[in-house]
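Peer 1: I have a structure here, written as structure tokens, and I will follow up with some questions on it.
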Amino acid sequence: MSDTPQAVVDERVQKQSKLKKALIRPELGSICGTILVFVFFFLVAADSGMFSAEGTMNWTVVSAQFAIIAVGACLLMIAGEFDLSVGSMIGFSGIVIALMSVTYGFPMWVAILTAFAVAMAIGWLNGYICVKTGLPSFIVTLAFLYILRGLTIFLSIATTNKTIIGGVKEAAEGDPLAALFGGKVLTGLFSWMGEQGWLATFKGGSRAGQPIVDGIPMLVVWAIVLVIFGHFLLTRTRFGNWIYASGGDAQAARYVGVPVDRVKILMFMFTAFCATVFATCQVIEFGSAAADRGLLKEFEAIISVVIGGALLTGGYGSVVGAALGALIFGVVQQGLFFANVESSLFRVFLGTILLLAVILNTYIRRMITGER
Amino acid sequence: MRTTWKRLAVAAAIAALPLAGTIGTAQAEGEKFILVSHAPDSDSWWNTIKNGITLAGEQMGVEVEYRNPPTGDIADMARIIQQAAASNPDGIITTLADPDVLSGPIQDAVDKGIPVIIINSGTPEKAAELGALMYVGQPEYDAGLAAGQRAKRDGVGSFLCVNHVISNPVVGERCAGFADGLGVDLGSSMIDSGQDPAEIKNKVKAYLSANPETEAVLTLGPTSADPTIDALKEMGKAGDIYFGTFDLGTEIVKAIKDGTIQWGIDQQPFLQAYLPVIILTNYQRFGVLPGNNINSGPGFVTADALGKVEEFAGEYR
């Protein structure tokens, strides 16, 4: 439009420069934050092994974990709702998988599909109750935080007398669906790089000579796939617009024909789906499920989303931002270990840096959108 | 716009200052050892472990670090062990709270050539299997069994086990051992008390009201013992009901003194933290290593021998 000044200018549309247009994105703040965080840790922890292949994989995996649950939480938050039951859902899904496969001897793929079905049914119930009663999702999902955690402990104790169910790794061996969650990709490339001497290798033991980092875990692949899916859904489809509309002003959205209830319920189910992806990857990787897994993960998901520039009130945010928020959170959390921060002050630094990230973010957003 | 940026830059610099200061001190000469525990932040018992490694670090002139998963989530602990290995320390001291989850990361560290010592939770067999140098700790089942046999001699026939770390199966073995020592079935005598003091207190009260014939209470650490002491005092059962506990702490010592608690089993966590640092340092410097695992406990602490314990409870005992 700026190339053709002679064209008819609609006076109702505010003129914006191309640069400003490129800047007005929810994820801009988190892009700046990401750069700052990497520069910071590069300065203070570069020689600590944080940026070696092994160290990089460490914070990548942790960030990917945050990203998986952040994508669900992000879409739900943009749709105007919260889910505080994410952490409990992680513990619950994990126990369902372990119970079905180890205790009851079903094939692993049946166990995984059951966990997804049960989790998404609970997600549906969460959403249905919120939509039908009009209660804040904060309260409804808080109730499910307790219900699911309690059920998880009860189920595992009632059936096995233990709160940790092991032996999942053996049960998952050779299962095609389990490999989709617990396997590693590009292992050939990594062992080739190990042979070339580009990657550090094991010095002793039965695996001497193999690279210490022997592939990209499926967990990371899932995180990337979910982020791309979420971003596409939100920005390139009609349904994405419905999500924004439902969170921005639900009543106005209803007037123009957006099926707000359906959108919200679907987003609750998607959040439960993401939590179950997290749980499945964890259970298959570590080979056991425990009733206390996933404690406080709901807050980690929410903080990733908020660092990523989404508004707690809904209607504004981006999946890419949430993914960057997860990256910031993961890098800061693991980076503080690498930087040798005194352990009792660890959480003080974590909290301070996260707060700074959110403040920075908010300022940048206000600056570019001109809101006061 | 420019002032906002400036302000942000200043804020970031200020935030970075204390960080940089902390990091600077870490580059002292001497070896670096990392201790990774499974305890959540709320578990005060591990303070003794922190003090133990700090003291050993000072005495040996080495650098020590304490790391733990904030919520006690063992899967998070696995990531911390991986991270510790990635930072190439001269040794890792860790617990084996859930072998399924932790075996992989510990094995990776061992294979990478980092000496590992297993402390506290775990067994000598598991430690050897993973290629760890040794195990320093208290065999949990045996300690529970010894306690149960002692209680049986004192005429106890039924009990309540207050388990505040139900997710740690190794600690649960203490209850199982105690039941076997008494010669009774564990059944529903073990309750999941959670970590919150008020919650623990009320659960103990509720259980004892519902089962008034319970003859003994066993707690598994200060986290569950302190609220249980309160609960018994409020119910008027203090000194009346047979009360034994694992581990020591300030309140526990007081209660042993006033007769509320008959005995405390000390697994001497100080040794579990102190000895591995000493052993790893000498292993790195001179290549020497004791030829066996070390049992840091159990030792029964009763009202007769409280002097030193009282002086250092919560700090080194």
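A note on labels: chains of the structure tokens are A, B, ... as shown, every chain counts residues from 1, and ligands are counted from 1 in their shown order.
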Env of segment 163-170 of chain A: 10 Å cut, atoms = only C-alpha atoms, seq-sep filter 2 positions within chain, self excluded. Answer as number ranges by chain.
Peer 2: A: 94-95, 97-99, 101-103, 108, 152-161, 172-174, 178, 182, 283-293; B: 98-101, 166-169
Peer 1: Against chain A, which residues of chain B fall within 6 Å? For each one I want the closest pair of atoms and the distance in Å (one decimal), counting only C-alpha atoms, rows by chain and increasing residue number, as a Markdown table.
Peer 2:
| residue | atom | partner | partner_atom | distance |
| --- | --- | --- | --- | --- |
| B:Ile23 | CA | A:Asn340 | CA | 5.8 |
| B:Asp73 | CA | A:Arg293 | CA | 5.8 |
| B:Ala86 | CA | A:Gly55 | CA | 5.1 |
| B:Ser87 | CA | A:Gly49 | CA | 4.8 |
| B:Asp100 | CA | A:Gly287 | CA | 5.8 |
| B:Val101 | CA | A:Phe286 | CA | 4.6 |
| B:Asp111 | CA | A:Gly205 | CA | 5.0 |
| B:Lys112 | CA | A:Phe202 | CA | 4.7 |
| B:Gly113 | CA | A:Lys203 | CA | 5.8 |
| B:Ser167 | CA | A:Thr163 | CA | 5.4 |
Peer 1: Restrict the selected residues to C-alpha atoms and save them as a tab-separated table (two decimals), in the first residue's frame.
Peer 2:
chain	number	residue	atom	x	y	z
B	23	ILE	CA	29.57	-17.25	39.95
B	73	ASP	CA	9.86	-35.00	41.38
B	86	ALA	CA	27.39	-32.34	31.47
B	87	SER	CA	29.28	-29.84	33.62
B	100	ASP	CA	13.99	-47.15	37.18
B	101	VAL	CA	14.31	-43.43	36.57
B	111	ASP	CA	30.36	-44.38	31.51
B	112	LYS	CA	31.51	-40.84	30.86
B	113	GLY	CA	34.28	-41.50	33.38
B	167	SER	CA	6.51	-41.77	46.56
Peer 1: Measure the distance from atom CA of Leu199 of chain A to atom CA of Lys32 of chain B in Å and round it to one decimal.
Peer 2: 23.4 Å
Peer 1: Would you list, as an NGL selection string, the residues of segment 36-168 of chain B that end up in strand (DSSP E or B) under DSSP run on this structure's backbone?
Peer 2: :B and (36 or 63-67 or 91-94 or 116-119 or 134-137 or 159-163)
Peer 1: Kindly save the residues from that selection, with C-alpha atoms included, as a tab-separated table (two decimals), in the first residue's frame.
Peer 2:
chain	number	residue	atom	x	y	z
B	36	VAL	CA	22.18	-34.46	43.94
B	63	GLU	CA	34.34	-27.14	45.78
B	64	VAL	CA	30.99	-28.75	46.64
B	65	GLU	CA	27.49	-28.14	45.34
B	66	TYR	CA	24.07	-29.28	46.53
B	67	ARG	CA	21.26	-29.76	44.01
B	91	GLY	CA	32.65	-36.67	41.13
B	92	ILE	CA	28.90	-37.01	41.65
B	93	ILE	CA	27.28	-38.02	44.93
B	94	THR	CA	23.64	-38.98	44.51
B	116	VAL	CA	29.85	-41.74	41.41
B	117	ILE	CA	29.02	-42.58	45.03
B	118	ILE	CA	25.44	-43.58	45.93
B	119	ILE	CA	24.26	-42.34	49.33
B	134	MET	CA	30.39	-47.50	46.71
B	135	TYR	CA	27.23	-47.09	48.73
B	136	VAL	CA	27.14	-45.01	51.91
B	137	GLY	CA	23.90	-45.25	53.85
B	159	PHE	CA	1.28	-49.65	65.04
B	160	LEU	CA	0.70	-46.66	62.80
B	161	CYS	CA	3.35	-45.75	60.26
B	162	VAL	CA	3.25	-42.07	59.24
B	163	ASN	CA	4.80	-41.95	55.75
Peer 1: Could you pull the residues within 9 Å of Ser296 of chain B, counting only C-alpha atoms, minus those fewer than 5 positions along the same chain, as number ranges by chain?
Peer 2: B: 120, 136-138, 266-272
Peer 1: With N, CA and C atoms retained, write the just-selected residues as a compact mmCIF listing (two decimals), in the first residue's frame.
Peer 2:
# COMPACT_ATOMS: atom_id res chain seq x y z
N ASN B 120 22.50 -42.66 50.95
CA ASN B 120 21.15 -42.57 51.48
C ASN B 120 20.19 -43.62 50.93
N VAL B 136 27.04 -45.47 50.53
CA VAL B 136 27.14 -45.01 51.91
C VAL B 136 25.73 -44.72 52.41
N GLY B 137 25.26 -45.50 53.37
CA GLY B 137 23.90 -45.25 53.85
C GLY B 137 23.46 -46.27 54.86
N GLN B 138 22.16 -46.31 55.07
CA GLN B 138 21.59 -47.21 56.05
C GLN B 138 20.67 -48.17 55.31
N ASP B 266 19.07 -43.09 64.27
CA ASP B 266 19.90 -42.11 63.58
C ASP B 266 20.66 -42.81 62.46
N GLN B 267 20.42 -42.38 61.22
CA GLN B 267 21.21 -42.97 60.13
C GLN B 267 22.45 -42.13 59.87
N GLN B 268 22.64 -41.10 60.72
CA GLN B 268 23.82 -40.25 60.67
C GLN B 268 24.10 -39.69 59.27
N PRO B 269 23.19 -38.85 58.81
CA PRO B 269 23.30 -38.28 57.46
C PRO B 269 24.59 -37.50 57.27
N PHE B 270 25.10 -36.96 58.37
CA PHE B 270 26.36 -36.21 58.27
C PHE B 270 27.43 -37.06 57.58
N LEU B 271 27.49 -38.34 58.01
CA LEU B 271 28.50 -39.23 57.43
C LEU B 271 28.23 -39.49 55.95
N GLN B 272 26.93 -39.53 55.59
CA GLN B 272 26.59 -39.81 54.19
C GLN B 272 27.02 -38.68 53.26
